[in-house]
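Colleague: File name input26.cif; file contents mmCIF, C-alpha atoms; full text below.
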data_my_file
loop_
_atom_site.label_atom_id
_atom_site.label_comp_id
_atom_site.auth_asym_id
_atom_site.auth_seq_id
_atom_site.Cartn_x
_atom_site.Cartn_y
_atom_site.Cartn_z
CA MET T 1 0.00 0.00 0.00
CA SER T 2 1.45 3.38 -0.94
CA VAL T 3 1.70 6.07 1.70
CA ILE T 4 0.07 9.32 0.60
CA PRO T 5 1.65 12.48 2.08
CA ILE T 6 -0.58 14.36 4.48
CA SER T 7 -0.68 17.47 2.26
CA GLU T 8 -2.05 15.35 -0.61
CA LEU T 9 -4.58 13.71 1.69
CA LEU T 10 -5.77 17.08 2.96
CA SER T 11 -5.98 18.56 -0.53
CA ALA T 12 -7.94 15.59 -1.84
CA TYR T 13 -10.13 15.68 1.32
CA LEU T 14 -10.96 19.26 0.47
CA ASP T 15 -12.05 18.16 -2.99
CA GLY T 16 -14.01 15.15 -1.77
CA GLU T 17 -11.75 12.86 -3.82
CA LEU T 18 -10.68 10.44 -1.07
CA SER T 19 -11.60 6.81 -0.62
CA PRO T 20 -13.85 6.14 2.42
CA GLU T 21 -10.87 4.69 4.35
CA ASP T 22 -8.62 7.69 3.67
CA HIS T 23 -11.51 10.04 4.40
CA PHE T 24 -11.93 8.40 7.79
CA ARG T 25 -8.16 8.62 8.41
CA VAL T 26 -8.14 12.35 7.67
CA GLU T 27 -11.17 12.99 9.88
CA LYS T 28 -9.37 11.20 12.70
CA MET T 29 -6.19 13.23 12.18
CA LEU T 30 -8.18 16.45 12.08
CA ALA T 31 -9.89 15.58 15.34
CA GLU T 32 -6.60 14.76 17.04
CA ASP T 33 -4.07 17.22 15.61
CA ALA T 34 -4.40 21.02 15.66
CA GLY T 35 -1.46 21.35 13.24
CA VAL T 36 -3.30 19.29 10.61
CA ARG T 37 -6.42 21.45 11.11
CA GLU T 38 -4.31 24.54 10.57
CA GLN T 39 -2.78 23.07 7.42
CA LEU T 40 -6.23 22.25 6.09
CA GLU T 41 -7.43 25.79 6.81
CA GLY T 42 -4.46 27.17 4.88
CA LEU T 43 -5.22 24.95 1.88
CA CYS T 44 -8.89 25.83 2.13
CA ARG T 45 -8.10 29.56 2.01
CA VAL T 46 -5.89 29.08 -1.04
CA SER T 47 -8.43 26.94 -2.85
CA LEU T 48 -11.25 29.36 -2.04
CA GLY T 49 -9.12 32.30 -3.17
CA VAL T 50 -8.45 30.65 -6.54
CA ARG T 51 -12.11 29.70 -6.95
CA GLN T 52 -13.13 33.32 -6.38
CA LEU T 53 -10.95 34.65 -9.18
CA GLU T 54 -13.07 36.16 -11.89
CA ARG T 55 -13.12 34.57 -15.29
CA PRO T 56 -11.61 37.08 -17.76
CA ALA T 57 -13.93 38.15 -20.56
CA PRO T 58 -12.71 37.12 -24.03
CA PRO T 59 -11.54 40.09 -26.11
CA PRO T 60 -13.81 41.32 -28.92
CA ALA T 61 -11.17 40.27 -31.45
CA LEU T 62 -12.13 36.67 -30.74
CA ASP T 63 -15.45 36.95 -32.54
CA LEU T 64 -17.11 34.10 -34.36
CA ALA T 65 -17.07 35.85 -37.76
CA GLN T 66 -13.30 36.17 -37.63
CA LEU T 67 -13.00 32.51 -36.68
CA HIS T 68 -15.29 31.51 -39.55
CA ARG T 69 -13.02 33.35 -41.95
CA LEU T 70 -10.07 31.41 -40.56
CA THR T 71 -11.83 28.06 -40.68
CA ARG T 72 -12.93 28.73 -44.28
CA LEU T 73 -9.29 29.38 -45.16
CA ASP T 74 -8.35 26.35 -43.16
CA ARG T 75 -10.65 24.15 -45.25
CA HIS T 76 -8.65 25.03 -48.36
CA ARG T 77 -5.28 24.78 -46.75
CA GLY T 78 -5.38 21.05 -45.99
CA LEU T 79 -2.73 19.32 -48.04
CA ILE T 80 -0.63 22.43 -48.71
CA GLU T 81 -0.31 23.13 -45.03
CA TYR T 82 0.44 19.50 -44.35
CA LEU T 83 3.23 19.49 -46.90
CA GLN T 84 4.57 22.82 -45.68
CA ASP T 85 4.65 21.52 -42.12
CA PHE T 86 5.72 17.98 -42.82
CA LEU T 87 8.35 18.13 -45.56
CA PRO T 88 10.73 20.68 -43.99
CA GLY T 89 10.48 18.68 -40.77
CA ILE T 90 11.42 15.46 -42.52
CA ALA T 91 14.17 17.19 -44.47
CA GLY T 92 15.49 18.80 -41.30
CA ARG T 93 15.40 15.71 -39.15
CA HIS T 94 16.70 13.27 -41.72
CA SER T 95 18.90 15.48 -43.87
CA SER T 96 21.64 12.82 -43.87
CA LEU T 97 19.22 10.39 -45.56
CA ILE T 98 18.55 12.65 -48.57
CA PRO T 99 21.77 11.73 -50.50
CA ALA T 100 21.15 8.05 -49.71
CA PHE T 101 17.58 8.36 -50.98
CA ALA T 102 18.80 10.11 -54.16
CA LEU T 103 21.36 7.33 -54.74
CA MET T 104 18.65 4.70 -54.28
CA LEU T 105 16.46 6.49 -56.82
CA LEU T 106 19.37 6.68 -59.29
CA PHE T 107 20.15 3.00 -58.79
CA GLY T 108 16.50 2.03 -59.30
CA TRP T 109 16.27 4.15 -62.45
CA SER T 110 19.45 2.53 -63.85
CA ILE T 111 18.09 -0.97 -63.25
CA TYR T 112 14.80 -0.01 -64.91
CA SER T 113 16.53 1.57 -67.93
CA TYR T 114 18.79 -1.46 -68.37
CA SER T 115 15.80 -3.82 -68.21
CA VAL T 116 13.93 -1.83 -70.86
CA TRP T 117 16.97 -1.70 -73.13
CA ASN T 118 17.61 -5.41 -72.58
CA TRP T 119 14.01 -6.21 -73.42
CA ASN T 120 14.29 -4.32 -76.70
CA HIS T 121 17.76 -5.65 -77.55
CA PRO T 122 17.65 -9.29 -76.54
CA PRO T 123 20.51 -11.68 -77.17
CA GLY T 124 20.01 -14.56 -79.66
CA ASP T 125 17.58 -14.62 -82.63
CA SER T 126 15.75 -11.42 -83.12
CA ALA T 127 14.40 -9.51 -86.06
CA GLU T 128 13.04 -6.02 -86.57
CA ILE T 129 10.34 -5.70 -89.18
CA SER T 130 8.21 -2.58 -89.79
CA GLY T 131 9.54 -1.05 -86.56
CA LYS T 132 8.50 -4.08 -84.50
CA MET T 133 10.95 -6.30 -82.66
CA PHE T 134 10.45 -10.09 -82.82
CA LEU T 135 12.16 -12.70 -80.71
CA ARG T 136 12.48 -16.36 -81.51
CA GLU T 137 11.55 -18.96 -78.93
CA GLY T 138 11.93 -22.42 -80.36
CA GLU T 139 10.10 -22.49 -83.66
CA VAL T 140 7.83 -19.53 -82.91
CA TRP T 141 8.56 -15.83 -83.21
CA PHE T 142 7.03 -13.54 -80.62
CA GLN T 143 6.63 -9.80 -80.88
CA ALA T 144 8.64 -8.19 -78.06
CA GLY T 145 6.60 -6.73 -75.22
CA ILE T 146 3.29 -8.49 -75.85
CA SER T 147 1.28 -10.02 -73.03
CA ASN T 148 2.19 -13.67 -72.88
CA TRP T 149 -0.77 -14.69 -70.74
CA LEU T 150 -3.39 -14.04 -73.47
CA THR T 151 -4.30 -16.77 -75.94
CA PRO T 152 -3.68 -15.50 -79.47
CA ARG T 153 -6.28 -15.97 -82.21
CA PRO T 154 -4.87 -18.42 -84.79
CA VAL T 155 -4.84 -17.17 -88.39
CA ASP T 156 -4.06 -19.91 -90.89
CA LEU T 157 -2.42 -18.17 -93.81
CA ALA T 158 -3.19 -21.20 -96.02
CA SER T 159 -6.90 -20.56 -95.65
CA THR T 160 -8.92 -17.99 -97.57
CA GLU T 161 -9.55 -16.13 -94.34
CA GLY T 162 -5.81 -16.04 -93.69
CA GLN T 163 -5.09 -14.75 -97.17
CA SER T 164 -7.68 -12.00 -96.92
CA PHE T 165 -6.25 -11.08 -93.46
CA LEU T 166 -2.79 -10.70 -94.97
CA GLU T 167 -4.18 -8.71 -97.90
CA SER T 168 -5.86 -6.30 -95.49
CA ARG T 169 -2.58 -5.92 -93.56
CA PRO T 170 0.20 -5.49 -96.14
CA ASP T 171 2.61 -4.43 -93.36
CA LEU T 172 2.46 -7.97 -92.01
CA VAL T 173 3.61 -9.63 -95.23
CA GLY T 174 7.26 -9.32 -94.18
CA VAL T 175 6.41 -10.57 -90.70
CA ALA T 176 4.62 -13.62 -92.09
CA LYS T 177 7.79 -14.59 -93.87
CA LEU T 178 9.48 -15.25 -90.51
CA GLY T 179 7.31 -18.34 -89.99
CA GLU T 180 4.88 -18.88 -87.14
CA VAL T 181 4.54 -15.51 -85.45
CA VAL T 182 2.59 -14.28 -82.45
CA LEU T 183 2.01 -10.54 -82.61
CA GLU T 184 -0.23 -7.75 -81.46
CA THR T 185 -2.56 -6.22 -84.03
CA ASP T 186 -5.45 -3.81 -83.92
CA ASP T 187 -7.73 -6.83 -83.66
CA GLY T 188 -5.86 -8.21 -80.66
CA LEU T 189 -3.28 -10.93 -80.30
CA VAL T 190 -2.95 -13.21 -83.37
CA ARG T 191 -0.87 -16.25 -84.20
CA LEU T 192 0.07 -16.32 -87.90
CA ILE T 193 0.37 -19.91 -89.03
CA PRO T 194 2.41 -19.99 -92.24
CA ALA T 195 1.01 -21.54 -95.43
CA ASP T 196 4.24 -23.33 -96.21
CA PRO T 197 5.63 -25.24 -93.25
CA PHE T 198 9.07 -25.10 -94.86
CA ALA T 199 8.97 -21.34 -94.65
CA ASN T 200 10.16 -21.65 -91.02
CA GLY T 201 13.77 -20.69 -90.32
CA MET C 1 -24.77 18.31 -48.20
CA VAL C 2 -25.43 22.06 -48.22
CA ASP C 3 -28.95 21.32 -49.44
CA MET C 4 -29.43 18.94 -46.57
CA VAL C 5 -28.37 21.60 -44.12
CA LYS C 6 -30.58 24.23 -45.74
CA SER C 7 -33.55 21.96 -45.79
CA GLY C 8 -33.04 21.30 -42.10
CA VAL C 9 -32.47 17.59 -42.51
CA VAL C 10 -29.15 17.84 -40.75
CA ALA C 11 -30.00 20.60 -38.31
CA ALA C 12 -32.99 18.83 -36.87
CA ALA C 13 -31.84 16.18 -34.44
CA PRO C 14 -33.59 12.85 -34.78
CA LYS C 15 -35.88 12.15 -31.86
CA ALA C 16 -33.79 9.19 -30.81
CA MET C 17 -30.76 11.43 -30.36
CA VAL C 18 -32.42 14.24 -28.46
CA GLY C 19 -31.99 12.94 -24.99
CA ASN C 20 -31.26 14.48 -21.66
CA SER C 21 -27.81 13.04 -21.72
CA THR C 22 -25.09 15.61 -22.29
CA LEU C 23 -23.00 13.02 -24.05
CA GLU C 24 -25.74 12.32 -26.60
CA ARG C 25 -26.04 16.04 -27.24
CA GLU C 26 -22.28 16.36 -27.68
CA LEU C 27 -22.14 13.40 -30.03
CA TRP C 28 -24.97 14.94 -32.01
CA LEU C 29 -23.00 18.19 -32.29
CA ALA C 30 -20.04 16.22 -33.65
CA GLU C 31 -22.31 14.40 -36.10
CA ARG C 32 -23.81 17.66 -37.35
CA HIS C 33 -20.32 19.07 -37.79
CA ARG C 34 -19.30 15.97 -39.75
CA GLN C 35 -22.29 16.54 -42.00
CA GLY C 36 -21.21 20.10 -42.72
CA ASP C 37 -23.50 22.04 -40.40
CA ASP C 38 -21.40 25.01 -39.19
CA ARG C 39 -23.99 25.84 -36.54
CA ALA C 40 -22.75 22.87 -34.52
CA PHE C 41 -19.30 24.40 -34.29
CA ASP C 42 -20.81 27.82 -33.46
CA GLU C 43 -22.56 26.23 -30.53
CA VAL C 44 -19.35 24.66 -29.26
CA TYR C 45 -17.61 28.01 -29.72
CA ARG C 46 -20.20 29.97 -27.76
CA LEU C 47 -20.27 27.32 -25.06
CA TYR C 48 -16.54 27.08 -24.47
CA LEU C 49 -14.98 30.38 -25.58
CA PRO C 50 -14.95 31.97 -22.10
CA GLN C 51 -13.50 28.83 -20.52
CA VAL C 52 -10.91 28.28 -23.24
CA TYR C 53 -9.79 31.91 -23.20
CA GLY C 54 -9.70 31.95 -19.40
CA LEU C 55 -7.66 28.76 -19.31
CA CYS C 56 -5.20 30.07 -21.91
CA LEU C 57 -4.80 33.29 -19.97
CA ARG C 58 -4.24 31.52 -16.66
CA LEU C 59 -1.76 29.09 -18.15
CA CYS C 60 0.23 31.56 -20.27
CA HIS C 61 -0.31 34.85 -18.43
CA SER C 62 -0.24 36.90 -21.58
CA ALA C 63 -3.38 38.40 -23.10
CA THR C 64 -1.87 38.33 -26.60
CA ASP C 65 -0.79 34.72 -26.28
CA ALA C 66 -4.14 33.77 -24.76
CA GLU C 67 -6.05 35.35 -27.66
CA ASP C 68 -3.80 33.65 -30.15
CA LEU C 69 -4.01 30.30 -28.40
CA ALA C 70 -7.78 30.47 -27.98
CA GLN C 71 -8.11 31.07 -31.71
CA GLU C 72 -5.73 28.23 -32.50
CA THR C 73 -7.62 25.96 -30.13
CA PHE C 74 -10.92 26.60 -31.91
CA ILE C 75 -9.37 26.10 -35.33
CA ARG C 76 -8.11 22.75 -34.10
CA ILE C 77 -11.50 21.94 -32.63
CA TYR C 78 -13.10 22.86 -35.96
CA ARG C 79 -10.76 20.45 -37.74
CA HIS C 80 -11.29 17.57 -35.38
CA LEU C 81 -14.78 18.01 -33.97
CA GLY C 82 -16.04 15.42 -36.43
CA SER C 83 -13.77 12.82 -34.89
CA PHE C 84 -15.06 13.41 -31.35
CA ASP C 85 -16.24 9.99 -30.23
CA GLY C 86 -17.56 10.66 -26.74
CA ARG C 87 -14.97 8.60 -24.91
CA ALA C 88 -14.44 11.68 -22.73
CA SER C 89 -16.84 14.60 -22.35
CA LEU C 90 -16.63 17.40 -24.90
CA LYS C 91 -15.49 19.75 -22.14
CA THR C 92 -12.60 17.45 -21.23
CA TRP C 93 -11.75 17.09 -24.93
CA VAL C 94 -11.79 20.85 -25.49
CA PHE C 95 -9.66 21.44 -22.40
CA ARG C 96 -7.21 18.79 -23.52
CA VAL C 97 -6.73 20.52 -26.86
CA THR C 98 -6.30 23.85 -25.05
CA VAL C 99 -3.82 22.54 -22.49
CA ASN C 100 -1.76 20.78 -25.17
CA LEU C 101 -1.49 23.96 -27.22
CA CYS C 102 -0.62 26.02 -24.14
CA SER C 103 1.99 23.46 -23.10
CA SER C 104 3.71 23.51 -26.46
CA ARG C 105 3.66 27.32 -26.44
CA LEU C 106 5.11 27.34 -22.92
CA SER C 107 7.75 24.78 -23.78
CA ARG C 108 8.84 26.97 -26.69
CA ARG C 109 9.27 29.78 -24.17
CA ARG C 110 10.90 27.60 -21.52
CA LEU C 111 14.23 29.39 -21.79
CA LEU C 112 12.55 32.40 -20.20
CA THR C 113 11.48 30.42 -17.16
CA LEU C 114 14.15 28.95 -14.93
CA PRO C 115 13.16 26.67 -12.06
CA VAL C 116 14.48 27.78 -8.72
CA ARG C 117 15.25 25.13 -6.12
CA SER C 118 15.86 26.87 -2.88
CA THR C 119 17.74 24.82 -0.30
CA GLU C 120 16.08 26.81 2.47
CA ASP C 121 12.59 26.09 1.20
CA PRO C 122 12.48 22.63 -0.34
CA GLU C 123 8.71 22.87 -0.51
CA GLU C 124 9.00 25.72 -2.98
CA GLU C 125 10.45 23.57 -5.74
CA GLY C 126 7.41 24.23 -7.87
CA VAL C 127 8.02 27.96 -7.88
CA LEU C 128 9.54 29.55 -10.95
CA LEU C 129 11.67 32.60 -11.42
CA VAL C 130 10.43 34.37 -14.48
CA ASP C 131 10.86 37.85 -15.84
CA PRO C 132 11.09 40.73 -13.33
CA GLU C 133 7.46 41.67 -13.88
CA ARG C 134 6.51 38.32 -12.36
CA SER C 135 8.98 38.25 -9.49
CA PRO C 136 8.02 37.37 -5.91
CA GLU C 137 8.33 41.09 -5.14
CA SER C 138 5.46 41.86 -7.46
CA LEU C 139 3.44 39.38 -5.42
CA SER C 140 3.87 41.38 -2.21
CA LEU C 141 3.10 44.58 -4.08
CA ALA C 142 -0.18 43.26 -5.42
CA ARG C 143 -2.96 45.28 -3.90
CA ASP C 144 -5.82 42.95 -3.15
CA ALA C 145 -6.22 39.26 -2.47
CA ALA C 146 -7.28 38.38 -6.03
CA GLU C 147 -4.26 40.14 -7.47
CA ARG C 148 -1.97 38.40 -5.01
CA ILE C 149 -3.41 35.01 -5.94
CA GLU C 150 -3.07 35.79 -9.65
CA ALA C 151 0.54 36.83 -9.09
CA ALA C 152 1.24 33.70 -7.01
CA LEU C 153 -0.32 31.50 -9.70
CA ARG C 154 2.09 32.98 -12.22
CA LEU C 155 5.00 31.89 -10.05
CA LEU C 156 3.89 28.27 -9.93
CA GLN C 157 5.46 25.66 -12.18
CA PRO C 158 3.20 25.18 -15.25
CA ASN C 159 2.38 21.55 -14.32
CA PHE C 160 1.12 22.49 -10.88
CA ARG C 161 -0.58 25.64 -12.17
CA ALA C 162 -2.52 23.69 -14.78
CA ALA C 163 -3.72 21.15 -12.20
CA VAL C 164 -4.82 23.83 -9.71
CA VAL C 165 -6.53 25.94 -12.39
CA LEU C 166 -8.41 22.97 -13.84
CA ARG C 167 -9.57 21.92 -10.38
CA ASP C 168 -10.33 25.19 -8.63
CA LEU C 169 -11.24 27.46 -11.53
CA GLU C 170 -12.75 25.07 -14.03
CA GLY C 171 -14.17 22.67 -11.46
CA LEU C 172 -12.99 19.48 -13.15
CA SER C 173 -12.90 16.25 -11.16
CA TYR C 174 -9.58 14.49 -10.57
CA GLU C 175 -10.55 11.91 -13.19
CA GLU C 176 -11.31 14.59 -15.77
CA ILE C 177 -8.03 16.38 -15.00
CA ALA C 178 -6.19 13.07 -15.46
CA GLU C 179 -7.79 12.79 -18.91
CA VAL C 180 -7.05 16.39 -19.86
CA LEU C 181 -3.41 16.27 -18.77
CA ASP C 182 -2.96 12.63 -19.78
CA ILE C 183 -1.51 11.65 -16.41
CA HIS C 184 -2.35 9.17 -13.67
CA ILE C 185 -4.97 10.19 -11.12
CA GLY C 186 -2.37 9.89 -8.33
CA THR C 187 -0.21 12.43 -10.15
CA VAL C 188 -3.22 14.75 -10.39
CA ARG C 189 -3.72 14.54 -6.62
CA SER C 190 -0.03 15.19 -6.05
CA ARG C 191 0.16 18.14 -8.47
CA ILE C 192 -2.93 19.81 -7.01
CA ALA C 193 -1.64 19.38 -3.47
CA ARG C 194 1.84 20.67 -4.32
CA GLY C 195 0.38 23.53 -6.33
CA ARG C 196 -1.85 24.59 -3.45
CA GLU C 197 0.99 24.19 -0.98
CA GLY C 198 3.21 26.34 -3.21
CA LEU C 199 0.50 28.98 -3.43
CA ARG C 200 0.01 28.92 0.32
CA LEU C 201 3.73 29.44 0.96
CA LEU C 202 3.97 32.21 -1.62
CA LEU C 203 0.97 34.01 -0.19
CA GLU C 204 2.25 33.68 3.36
CA LYS C 205 5.63 35.08 2.32
CA ALA C 206 3.99 37.95 0.48
CA GLU C 207 1.86 38.64 3.52
CA GLY C 208 5.00 38.64 5.70
CA ARG C 209 6.81 41.05 3.38
CA LYS C 210 3.84 43.35 3.27
CA ARG C 211 3.66 43.45 7.06
CA ALA C 212 7.41 44.11 7.26
CA VAL C 213 7.11 47.02 4.82
CA SER C 214 4.15 48.56 6.62
#
Could you write out this file's structure as structure tokens?
Modeller:
Amino acid sequence: MSVIPISELLSAYLDGELSPEDHFRVEKMLAEDAGVREQLEGLCRVSLGVRQLERPAPPPALDLAQLHRLTRLDRHRGLIEYLQDFLPGIAGRHSSLIPAFALMLLFGWSIYSYSVWNWNHPPGDSAEISGKMFLREGEVWFQAGISNWLTPRPVDLASTEGQSFLESRPDLVGVAKLGEVVLETDDGLVRLIPADPFANG
Amino acid sequence: MVDMVKSGVVAAAPKAMVGNSTLERELWLAERHRQGDDRAFDEVYRLYLPQVYGLCLRLCHSATDAEDLAQETFIRIYRHLGSFDGRASLKTWVFRVTVNLCSSRLSRRRLLTLPVRSTEDPEEEGVLLVDPERSPESLSLARDAAERIEAALRLLQPNFRAAVVLRDLEGLSYEEIAEVLDIHIGTVRSRIARGREGLRLLLEKAEGRKRAVS
């Protein structure tokens, strides 16, 4: 059990904030000790004096209209204020991290650029026809950068439909010469199946 | 939303929410504010302006600072009234915002206030030495009792001053003070007692000086 100093007990007694046991203890001390009674009177005078202080009237400058103007401004400040408050703080507190962060960004950008270049300039069999890059995987040529999770629509160039498709897309004539090709067209992903199987390679 | 307010849909409290309970009323004010009804905030402003300004003035002892802080307090209340959830009363919540703002303002000015620990009077550890205008001498020169108490309050350490002001001037319970100051209830009891004891000693000393002069 913690021992509460007598001044705390008396102060809390004055406020009626004591447990019944402590209240009883204080009453007993007050009945027995004149010094404690005197101390309580002193505290009582102080407390009463503070309670009797007048509440100051708010100045006229604190009027509601003025506050409304401020809150209206406040509504529009939102993010700007947040950034103004937050960013300099971050920059100030973690200024040593800024070069490290810049280096990380540079490193990330280099990796990204290399990946893009590598994608467009792959090693092994590749061909560029009509501005499009094609890569060979086994016996099939794939246009670089196409989505490989979509199923391409097969276009048999031996069929009439295939022929008319090729006639409507003269730019693909050169592509069709590669062999079996999967490429992106305006109609979606198509797989050109060559008319002559010996055309491959 | 504006249409809802104009048409009175928002302003008129549903019957279920119009209860005698203060908490229900306060939650309803927060709900109206969330829905864009500025009258809810006006009500909070009118209700608490005198208390907020008074508290700022007692804690900072500068009319300019108090005005500034009261305004800042209400801007903050305006921003966050919608998030009031009734875990504490609105009064406690408002006072908490006020005290926090005053504390940060005081801590920015802490270089001006140096704690004095007198070896002769260990009980006076809560008394501060501040600028000459607020010296213990000014306390004995204060003309009437109210002025002397005001002057003595200024000499108290901010922690003790806040506890005494919230209890004796604002009439908050120990539990409410604990919520406002975010401290344990035992610490509230201790701060109030030490604050009052400090005031008592300061007033007695001032009384003694006055008698000696006369």
Colleague: Residues of chain C no more than 7 Å from chain T, counting all atoms listed in the file: send them over as a list in words.
Modeller: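 Close enough to count are Pro50, Tyr53, Gly54, Glu67, Gln71, Ile75, Ala146, Ile149, Asp168, Leu169, Arg189, Ser190, Ala193, Arg196, Glu197, Leu199 and Arg200 of chain C.
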Colleague: Distance atom CA of C:Tyr174-atom CA of C:Ile192, one decimal place?
Modeller: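 So the answer is 9.2 Å.
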Colleague: Could you tell me which residues the PyMOL selection byres ((chain T and resi 172) around 12) grabs in this file, written as number ranges by chain?
Modeller: T: 129-132, 157, 162-171, 173-179, 181-185, 190-192
Colleague: Decode the PyMOL selection byres ((chain C and resi 102) around 7) for the given file into explicit residues and return them as a PyMOL selection string.
Modeller: chain C and resi 56+59-60+69+98-101+103-106
Colleague: Could you jot down the atom CA of C:Gln35 to atom CA of C:Leu81 separation for me, Å, one decimal place?
Modeller: 11.1 Å
Colleague: Quick one: apply the PyMOL selection byres ((chain T and resi 137-143) around 7) to the file and drop the selected residues here as a list of chain:residue names.
Modeller: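 When the PyMOL selection byres ((chain T and resi 137-143) around 7) is applied, the selected residues are T:Met133, T:Phe134, T:Leu135, T:Arg136, T:Ala144, T:Gly145, T:Ile146, T:Glu180, T:Val181, T:Val182, T:Leu183.
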Colleague: Report the distance between atom CA of C:Ala66 and atom CA of C:Val52 in Å, rounded to one decimal place.
Modeller: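 Interatomic distance, atom CA of C:Ala66 to atom CA of C:Val52: 8.8 Å.
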Colleague: For stretch 33-44 of chain T, supply N, CA and C atoms and report the output as an mmCIF file, in the coordinates of the input.
Modeller:
data_model
loop_
_atom_site.group_PDB
_atom_site.id
_atom_site.type_symbol
_atom_site.label_atom_id
_atom_site.label_comp_id
_atom_site.auth_asym_id
_atom_site.auth_seq_id
_atom_site.Cartn_x
_atom_site.Cartn_y
_atom_site.Cartn_z
ATOM 1 N N ASP T 33 -5.251 16.380 15.789
ATOM 2 C CA ASP T 33 -4.070 17.220 15.610
ATOM 3 C C ASP T 33 -4.430 18.641 15.164
ATOM 4 N N ALA T 34 -4.087 19.617 15.980
ATOM 5 C CA ALA T 34 -4.400 21.020 15.660
ATOM 6 C C ALA T 34 -3.571 21.498 14.456
ATOM 7 N N GLY T 35 -2.345 20.969 14.349
ATOM 8 C CA GLY T 35 -1.460 21.350 13.240
ATOM 9 C C GLY T 35 -2.073 20.964 11.904
ATOM 10 N N VAL T 36 -2.662 19.768 11.850
ATOM 11 C CA VAL T 36 -3.300 19.290 10.610
ATOM 12 C C VAL T 36 -4.507 20.179 10.291
ATOM 13 N N ARG T 37 -5.247 20.566 11.341
ATOM 14 C CA ARG T 37 -6.420 21.450 11.110
ATOM 15 C C ARG T 37 -5.958 22.788 10.517
ATOM 16 N N GLU T 38 -4.841 23.265 11.052
ATOM 17 C CA GLU T 38 -4.310 24.540 10.570
ATOM 18 C C GLU T 38 -3.877 24.429 9.099
ATOM 19 N N GLN T 39 -3.237 23.305 8.799
ATOM 20 C CA GLN T 39 -2.780 23.070 7.420
ATOM 21 C C GLN T 39 -3.973 23.018 6.470
ATOM 22 N N LEU T 40 -5.027 22.356 6.928
ATOM 23 C CA LEU T 40 -6.230 22.250 6.090
ATOM 24 C C LEU T 40 -6.851 23.630 5.865
ATOM 25 N N GLU T 41 -6.866 24.440 6.946
ATOM 26 C CA GLU T 41 -7.430 25.790 6.810
ATOM 27 C C GLU T 41 -6.646 26.614 5.777
ATOM 28 N N GLY T 42 -5.321 26.472 5.834
ATOM 29 C CA GLY T 42 -4.460 27.170 4.880
ATOM 30 C C GLY T 42 -4.787 26.762 3.446
ATOM 31 N N LEU T 43 -4.895 25.458 3.223
ATOM 32 C CA LEU T 43 -5.220 24.950 1.880
ATOM 33 C C LEU T 43 -6.592 25.417 1.438
ATOM 34 N N CYS T 44 -7.506 25.426 2.408
ATOM 35 C CA CYS T 44 -8.890 25.830 2.130
ATOM 36 C C CYS T 44 -8.930 27.293 1.679
#
